Amino acid sequence: MSAPILAVSRRTRRTPFSPRVEAHGVKGYTVYNHMLLPTAFQTVEEDYHHLKRHVQVWDVSCERQVEIVGPDAARLTQLMTPRDMGRIVAGQCAYAPLVDENGRMINDPVILKLAEDRFWISVADSDVVLWAKGIAYGMGLDVKVFEPEVGPLGIQGPQADELALRVLGEGVRDIRFFRFAWLPFEGHEFLVARSGWSKQGGFEVYVDDAERGLALHDALFAAGEDLQVRPGCPNLIERIEGGLYSYGNDMTIEHDPYESGLAKYCNLDSGHDFMARAALENLVAKGGPSRMIRGVVFEGESCPACVEAWPAHQDGAPVGQVTSAAHSPDLVTNVAFGMIDRGAWDTDTAIIVETPEGPRNGKVTDIPFM
Ligand code: THG
């Protein structure tokens, strides 16, 4: 039996770069924010080795922006997150959990502060625009909330600085991690941030003009030939090694930010007002989470895809579940994230992982793996 195909229609939105991605021979797509996201160009493993050595251009347009602008923009943005946005200046990006009124994860975006009264929430895969519009309407806030036609184009890998320098100029040197600047390209100013969903370093160019974005895309490939530039995409193996969580996979609306390993972005000691303050203070008062995202390594020379969560147990007793897994060529073991119960979450605790290929011996580890 051949594998089922994923049917594409207007709902599975294409991106400005889909024609290029397909001309480059994309091997697979997933859907993220109702939009196409490539999953591999060669094999996931070949893409991984290339990403860790060279430079790749990523169509991550599906990291959609939710724009919040107006007199109450700062208030609405702050209401949605426990991270103290008062510490974030214009020109800065902030990785921040968004939580509902019960302190459960809505999303884990990067928030860009464009101005005191204007933010882009660069969202993971859930409908933040609807949530934000609902809050704004319900509270009568003086803001506009909408999804502009803006999506990031990633430049990722150890040669990303060199490639960005060639195409976007000297200005890239001055951009610190999780900061952004407006840099000229063929007469257009693009927002360029030093960020991206890999640990290999790089930039994200927020493309707000499809035609000029295509010109930029093509210029990156032309300028990077001797750097062996290739098309790429978020890489399952590299992101697990590096400790980057995926909303919808590793944590969902069932989980609070402490369980999701995002405690350091919960600034309860700041006096700021956010919707989930009472809920999160209550969680902390109860002694913190009873389960948490932890690293897991397990035996085997290959690793099946984690399409459904795999149970983890210890002497037959359930201790949680594995939510993302891959074989790491560089670590020569299988690496994974799991939502692991308190009783088993200590580093080096031996557990059994029930993979679709049978039980495998594993143990709990710290994150990141490398
Ligand atoms: N870039 C942009 N938008 C995004 C993502 C991105 N939206 C969806 C998704 N990725 C959001 N999730 C993450 C998760 C981790 C990080 C960024 C986005 C990340 N974390 C750094 C780390 O873990 O080392 C540190 C961040 C910090 O400490 O401030 O980079 O990739 N535009």
# chains A, B, ... in the order shown; residues from 1 in each chain; ligands from 1
>>> residues_around(residues="region 282-294 of chain A", least_positions_apart="6", cutoff="10 Å", atoms="only C-alpha atoms", output="number ranges by chain")
A: 102-103, 243, 245, 250-251, 255-263, 268, 276, 319-323, 336-347, 364-368
>>> write_last_selection(atoms="N, CA and C atoms", output="compact mmCIF listing (two decimals), in the first residue's frame")
# COMPACT_ATOMS: atom_id res chain seq x y z
N ASN A 102 -6.45 29.97 32.35
CA ASN A 102 -6.13 28.91 33.32
C ASN A 102 -4.64 28.61 33.37
N GLY A 103 -3.86 29.40 32.65
CA GLY A 103 -2.41 29.18 32.65
C GLY A 103 -1.99 28.05 31.74
N GLY A 243 17.34 21.29 21.58
CA GLY A 243 16.39 21.61 22.64
C GLY A 243 15.34 22.63 22.24
N TYR A 245 11.54 23.20 21.33
CA TYR A 245 10.25 22.50 21.47
C TYR A 245 9.29 22.91 20.37
N ASP A 250 5.27 18.74 21.47
CA ASP A 250 5.90 18.52 22.77
C ASP A 250 5.10 19.12 23.92
N MET A 251 4.32 20.13 23.63
CA MET A 251 3.38 20.67 24.62
C MET A 251 2.15 21.16 23.85
N HIS A 255 -1.06 21.67 28.73
CA HIS A 255 0.10 21.88 29.59
C HIS A 255 0.29 23.34 29.98
N ASP A 256 0.84 23.55 31.18
CA ASP A 256 1.17 24.91 31.60
C ASP A 256 2.64 25.18 31.20
N PRO A 257 3.07 26.45 31.31
CA PRO A 257 4.43 26.77 30.84
C PRO A 257 5.54 26.11 31.68
N TYR A 258 5.24 25.75 32.95
CA TYR A 258 6.25 25.07 33.77
C TYR A 258 6.44 23.65 33.27
N GLU A 259 5.34 22.97 33.01
CA GLU A 259 5.42 21.63 32.44
C GLU A 259 6.11 21.68 31.08
N SER A 260 5.95 22.80 30.38
CA SER A 260 6.49 22.95 29.03
C SER A 260 7.95 23.38 29.03
N GLY A 261 8.57 23.41 30.20
CA GLY A 261 10.00 23.75 30.28
C GLY A 261 10.28 25.23 30.05
N LEU A 262 9.26 26.07 30.25
CA LEU A 262 9.41 27.49 29.93
C LEU A 262 9.36 28.37 31.18
N ALA A 263 9.74 27.79 32.32
CA ALA A 263 9.70 28.54 33.59
C ALA A 263 10.49 29.84 33.51
N LEU A 268 6.94 35.92 37.28
CA LEU A 268 5.87 36.22 38.24
C LEU A 268 6.29 37.30 39.24
N ALA A 276 -3.24 35.24 33.18
CA ALA A 276 -3.06 33.98 33.90
C ALA A 276 -2.31 34.15 35.22
N VAL A 319 5.17 6.35 33.30
CA VAL A 319 5.88 7.52 33.82
C VAL A 319 5.81 8.70 32.86
N GLY A 320 4.98 8.59 31.82
CA GLY A 320 4.86 9.71 30.89
C GLY A 320 4.83 9.24 29.47
N GLN A 321 5.18 10.14 28.54
CA GLN A 321 5.15 9.78 27.13
C GLN A 321 6.20 10.54 26.35
N VAL A 322 6.68 9.90 25.28
CA VAL A 322 7.64 10.52 24.37
C VAL A 322 6.87 11.18 23.24
N THR A 323 7.22 12.44 22.93
CA THR A 323 6.42 13.24 22.00
C THR A 323 7.13 13.58 20.69
N ALA A 336 15.20 12.31 22.11
CA ALA A 336 13.76 12.54 22.14
C ALA A 336 13.40 13.55 23.22
N PHE A 337 12.17 14.09 23.12
CA PHE A 337 11.57 14.83 24.22
C PHE A 337 10.43 14.00 24.75
N GLY A 338 10.24 14.06 26.06
CA GLY A 338 9.11 13.38 26.66
C GLY A 338 8.50 14.24 27.74
N MET A 339 7.20 14.06 27.95
CA MET A 339 6.52 14.69 29.09
C MET A 339 6.58 13.64 30.19
N ILE A 340 7.49 13.87 31.16
CA ILE A 340 7.84 12.82 32.12
C ILE A 340 7.38 13.21 33.53
N ASP A 341 6.79 12.24 34.22
CA ASP A 341 6.28 12.47 35.58
C ASP A 341 7.43 12.77 36.56
N ARG A 342 7.09 13.53 37.57
CA ARG A 342 8.06 13.96 38.58
C ARG A 342 8.89 12.79 39.14
N GLY A 343 8.20 11.69 39.42
CA GLY A 343 8.87 10.54 40.04
C GLY A 343 9.98 9.93 39.19
N ALA A 344 9.98 10.25 37.89
CA ALA A 344 10.96 9.64 36.98
C ALA A 344 11.81 10.69 36.26
N TRP A 345 11.62 11.97 36.58
CA TRP A 345 12.26 12.98 35.73
C TRP A 345 13.72 13.27 36.06
N ASP A 346 14.25 12.69 37.13
CA ASP A 346 15.66 12.94 37.45
C ASP A 346 16.57 12.42 36.34
N THR A 347 17.64 13.17 36.08
CA THR A 347 18.61 12.79 35.07
C THR A 347 19.13 11.37 35.32
N VAL A 364 16.40 9.20 31.08
CA VAL A 364 16.04 10.61 31.08
C VAL A 364 17.32 11.44 31.08
N THR A 365 17.32 12.53 30.31
CA THR A 365 18.51 13.39 30.20
C THR A 365 18.12 14.87 30.32
N ASP A 366 19.14 15.69 30.44
CA ASP A 366 18.93 17.13 30.40
C ASP A 366 18.78 17.59 28.94
N ILE A 367 18.25 18.79 28.78
CA ILE A 367 18.09 19.43 27.47
C ILE A 367 18.91 20.71 27.53
N PRO A 368 19.65 21.13 26.51
CA PRO A 368 19.80 20.46 25.21
C PRO A 368 20.74 19.26 25.26
>>> residues_near_ligand(ligand="ligand 1", cutoff="10 Å", atoms="only C-alpha atoms and all ligand atoms", output="ChimeraX atom specification")
/A:32-33,60-65,92-97,107-112,120-126,151-154,177-179,193-199,201,203-206,234,239,242-247,262,264-265,367-368
>>> atom_distance(atom1="CA of Val44 (chain A)", atom2="CA of Ala210 (chain A)")
27.6 Å
>>> closest_residue(among="A:Val167, A:Val89, A:Val332, A:Val172", to="Phe185 (chain A)", atoms="only C-alpha atoms")
A:Val167
>>> atom_distance(atom1="CA of Asp269 (chain A)", atom2="CA of Ile88 (chain A)")
15.9 Å
>>> atom_distance(atom1="CA of Leu98 (chain A)", atom2="CA of Met80 (chain A)")
5.4 Å
>>> closest_residue(among="A:Val26, A:Leu130, A:Leu220, A:Val297", to="Val57 (chain A)", atoms="only C-alpha atoms")
A:Leu220
>>> select_by_dssp(residues="region 55-243 of chain A", states="strand (DSSP E)", output="ChimeraX atom specification")
/A:56-59,65-69,93-95,98-99,105-107,110-115,118-122,144-146,151-156,180-185,188-193,202-207,230-232
>>> write_last_selection(atoms="C-alpha atoms", output="tab-separated table (two decimals), in the first residue's frame")
chain	number	residue	atom	x	y	z
A	56	GLN	CA	20.48	26.91	4.15
A	57	VAL	CA	17.63	29.16	3.04
A	58	TRP	CA	14.34	28.26	4.75
A	59	ASP	CA	10.80	29.07	3.66
A	65	GLN	CA	2.70	37.32	12.18
A	66	VAL	CA	-0.17	38.52	14.31
A	67	GLU	CA	0.09	42.30	14.33
A	68	ILE	CA	-1.15	44.20	17.37
A	69	VAL	CA	-1.13	47.95	16.88
A	93	CYS	CA	12.57	39.82	19.95
A	94	ALA	CA	11.30	37.83	22.93
A	95	TYR	CA	10.52	34.12	23.03
A	98	LEU	CA	1.18	32.68	25.55
A	99	VAL	CA	-1.20	31.20	28.10
A	105	MET	CA	-0.30	27.00	26.69
A	106	ILE	CA	-1.94	28.81	23.75
A	107	ASN	CA	1.30	29.16	21.75
A	110	VAL	CA	8.67	35.01	19.21
A	111	ILE	CA	7.29	38.48	19.93
A	112	LEU	CA	8.88	41.39	18.05
A	113	LYS	CA	8.49	44.84	19.55
A	114	LEU	CA	8.38	47.13	16.51
A	115	ALA	CA	7.42	50.24	18.48
A	118	ARG	CA	3.14	47.94	17.65
A	119	PHE	CA	4.06	44.25	17.96
A	120	TRP	CA	4.38	41.26	15.67
A	121	ILE	CA	3.65	37.95	17.34
A	122	SER	CA	5.49	35.38	15.23
A	144	LYS	CA	-6.17	46.53	15.66
A	145	VAL	CA	-5.38	42.81	15.52
A	146	PHE	CA	-4.78	41.15	12.15
A	151	GLY	CA	6.50	35.74	6.77
A	152	PRO	CA	10.10	34.96	7.66
A	153	LEU	CA	12.71	33.65	5.24
A	154	GLY	CA	15.37	31.87	7.28
A	155	ILE	CA	19.12	31.91	6.66
A	156	GLN	CA	20.48	29.20	8.95
A	180	PHE	CA	16.52	43.12	14.65
A	181	ALA	CA	17.30	45.96	12.27
A	182	TRP	CA	15.88	47.25	8.99
A	183	LEU	CA	18.37	46.56	6.21
A	184	PRO	CA	18.20	47.67	2.58
A	185	PHE	CA	17.96	45.24	-0.33
A	188	HIS	CA	13.49	47.99	0.03
A	189	GLU	CA	14.03	47.86	3.79
A	190	PHE	CA	13.57	44.37	5.25
A	191	LEU	CA	13.29	43.60	8.95
A	192	VAL	CA	16.23	41.25	9.66
A	193	ALA	CA	16.50	39.46	13.03
A	202	GLY	CA	21.49	32.69	11.50
A	203	PHE	CA	18.89	35.25	10.56
A	204	GLU	CA	15.25	35.61	9.73
A	205	VAL	CA	14.24	38.16	7.10
A	206	TYR	CA	10.59	39.17	7.58
A	207	VAL	CA	9.38	39.33	3.99
A	230	ARG	CA	20.90	24.78	-0.25
A	231	PRO	CA	17.19	24.99	0.45
A	232	GLY	CA	16.37	23.75	3.94
>>> residues_around(residues="Ile135 (chain A)", least_positions_apart="6", cutoff="10 Å", atoms="only C-alpha atoms", output="MDAnalysis selection string")
chainID A and resid 76 79:80 141
>>> write_last_selection(atoms="all heavy atoms", output="PDB file, in the first residue's frame")
ATOM      1  N   LEU A  76      -2.457  44.642  25.579  1.00  0.00           N
ATOM      2  CA  LEU A  76      -2.988  43.367  25.085  1.00  0.00           C
ATOM      3  C   LEU A  76      -1.873  42.320  24.978  1.00  0.00           C
ATOM      4  O   LEU A  76      -2.049  41.169  25.383  1.00  0.00           O
ATOM      5  CB  LEU A  76      -3.664  43.560  23.713  1.00  0.00           C
ATOM      6  CG  LEU A  76      -4.135  42.263  23.028  1.00  0.00           C
ATOM      7  CD1 LEU A  76      -5.086  41.467  23.913  1.00  0.00           C
ATOM      8  CD2 LEU A  76      -4.796  42.581  21.689  1.00  0.00           C
ATOM      9  N   LEU A  79      -1.041  41.100  28.396  1.00  0.00           N
ATOM     10  CA  LEU A  79      -2.106  40.298  29.013  1.00  0.00           C
ATOM     11  C   LEU A  79      -1.996  38.822  28.645  1.00  0.00           C
ATOM     12  O   LEU A  79      -2.393  37.949  29.405  1.00  0.00           O
ATOM     13  CB  LEU A  79      -3.483  40.822  28.559  1.00  0.00           C
ATOM     14  CG  LEU A  79      -4.033  42.016  29.320  1.00  0.00           C
ATOM     15  CD1 LEU A  79      -5.281  42.561  28.607  1.00  0.00           C
ATOM     16  CD2 LEU A  79      -4.361  41.645  30.767  1.00  0.00           C
ATOM     17  N   MET A  80      -1.417  38.528  27.481  1.00  0.00           N
ATOM     18  CA  MET A  80      -1.392  37.152  26.981  1.00  0.00           C
ATOM     19  C   MET A  80      -0.205  36.340  27.464  1.00  0.00           C
ATOM     20  O   MET A  80      -0.179  35.128  27.302  1.00  0.00           O
ATOM     21  CB  MET A  80      -1.417  37.163  25.442  1.00  0.00           C
ATOM     22  CG  MET A  80      -2.722  37.708  24.873  1.00  0.00           C
ATOM     23  SD  MET A  80      -2.865  37.447  23.106  1.00  0.00           S
ATOM     24  CE  MET A  80      -1.758  38.700  22.481  1.00  0.00           C
ATOM     25  N   LEU A 141     -10.628  46.883  23.999  1.00  0.00           N
ATOM     26  CA  LEU A 141      -9.310  47.517  23.874  1.00  0.00           C
ATOM     27  C   LEU A 141      -9.202  48.299  22.566  1.00  0.00           C
ATOM     28  O   LEU A 141      -9.785  47.915  21.542  1.00  0.00           O
ATOM     29  CB  LEU A 141      -8.201  46.452  23.941  1.00  0.00           C
ATOM     30  CG  LEU A 141      -8.129  45.648  25.236  1.00  0.00           C
ATOM     31  CD1 LEU A 141      -6.994  44.627  25.172  1.00  0.00           C
ATOM     32  CD2 LEU A 141      -7.934  46.571  26.449  1.00  0.00           C
TER      33      LEU A 141
END
>>> residues_around(residues="Arg53 (chain A)", least_positions_apart="2", cutoff="8 Å", atoms="only C-alpha atoms", output="PDB file with N, CA, C and O atoms, in the first residue's frame")
ATOM      1  N   HIS A  49      23.050  17.055   8.199  1.00  0.00           N
ATOM      2  CA  HIS A  49      24.507  17.209   8.069  1.00  0.00           C
ATOM      3  C   HIS A  49      24.844  18.517   7.348  1.00  0.00           C
ATOM      4  O   HIS A  49      25.766  19.230   7.740  1.00  0.00           O
ATOM      5  N   HIS A  50      24.087  18.824   6.309  1.00  0.00           N
ATOM      6  CA  HIS A  50      24.345  20.055   5.557  1.00  0.00           C
ATOM      7  C   HIS A  50      24.098  21.297   6.417  1.00  0.00           C
ATOM      8  O   HIS A  50      24.909  22.234   6.439  1.00  0.00           O
ATOM      9  N   LEU A  51      22.995  21.288   7.163  1.00  0.00           N
ATOM     10  CA  LEU A  51      22.660  22.427   8.036  1.00  0.00           C
ATOM     11  C   LEU A  51      23.759  22.693   9.061  1.00  0.00           C
ATOM     12  O   LEU A  51      24.056  23.840   9.381  1.00  0.00           O
ATOM     13  N   VAL A  55      25.167  26.416   4.917  1.00  0.00           N
ATOM     14  CA  VAL A  55      24.102  27.412   5.126  1.00  0.00           C
ATOM     15  C   VAL A  55      22.902  27.007   4.282  1.00  0.00           C
ATOM     16  O   VAL A  55      23.057  26.494   3.175  1.00  0.00           O
ATOM     17  N   GLY A 157      22.586  28.256   9.616  1.00  0.00           N
ATOM     18  CA  GLY A 157      23.777  27.419   9.457  1.00  0.00           C
ATOM     19  C   GLY A 157      25.029  28.201   9.773  1.00  0.00           C
ATOM     20  O   GLY A 157      24.995  29.436   9.855  1.00  0.00           O
ATOM     21  N   PRO A 158      26.156  27.517   9.950  1.00  0.00           N
ATOM     22  CA  PRO A 158      27.399  28.201  10.337  1.00  0.00           C
ATOM     23  C   PRO A 158      27.887  29.238   9.317  1.00  0.00           C
ATOM     24  O   PRO A 158      28.612  30.152   9.692  1.00  0.00           O
ATOM     25  N   GLN A 159      27.476  29.112   8.073  1.00  0.00           N
ATOM     26  CA  GLN A 159      27.870  30.119   7.072  1.00  0.00           C
ATOM     27  C   GLN A 159      26.798  31.191   6.859  1.00  0.00           C
ATOM     28  O   GLN A 159      26.875  31.968   5.898  1.00  0.00           O
TER      29      GLN A 159
END
>>> select_by_dssp(residues="region 96-184 of chain A", states="alpha helix (DSSP H)", output="list in words")
Val128, Val129, Leu130, Trp131, Ala132, Lys133, Gly134, Ile135, Ala136, Tyr137, Gly138, Ala160, Asp161, Glu162, Leu163, Ala164, Leu165, Arg166, Val167 and Leu168 of chain A
>>> closest_residue(among="A:Ile351, A:Phe369, A:Asp142, A:Glu186", to="Leu331 (chain A)", atoms="only C-alpha atoms")
A:Phe369
>>> residues_around(residues="Asn235 (chain A)", least_positions_apart="2", cutoff="8 Å", atoms="only C-alpha atoms", output="PyMOL selection string")
chain A and resi 39-40+44+47-48+198+233+237-239
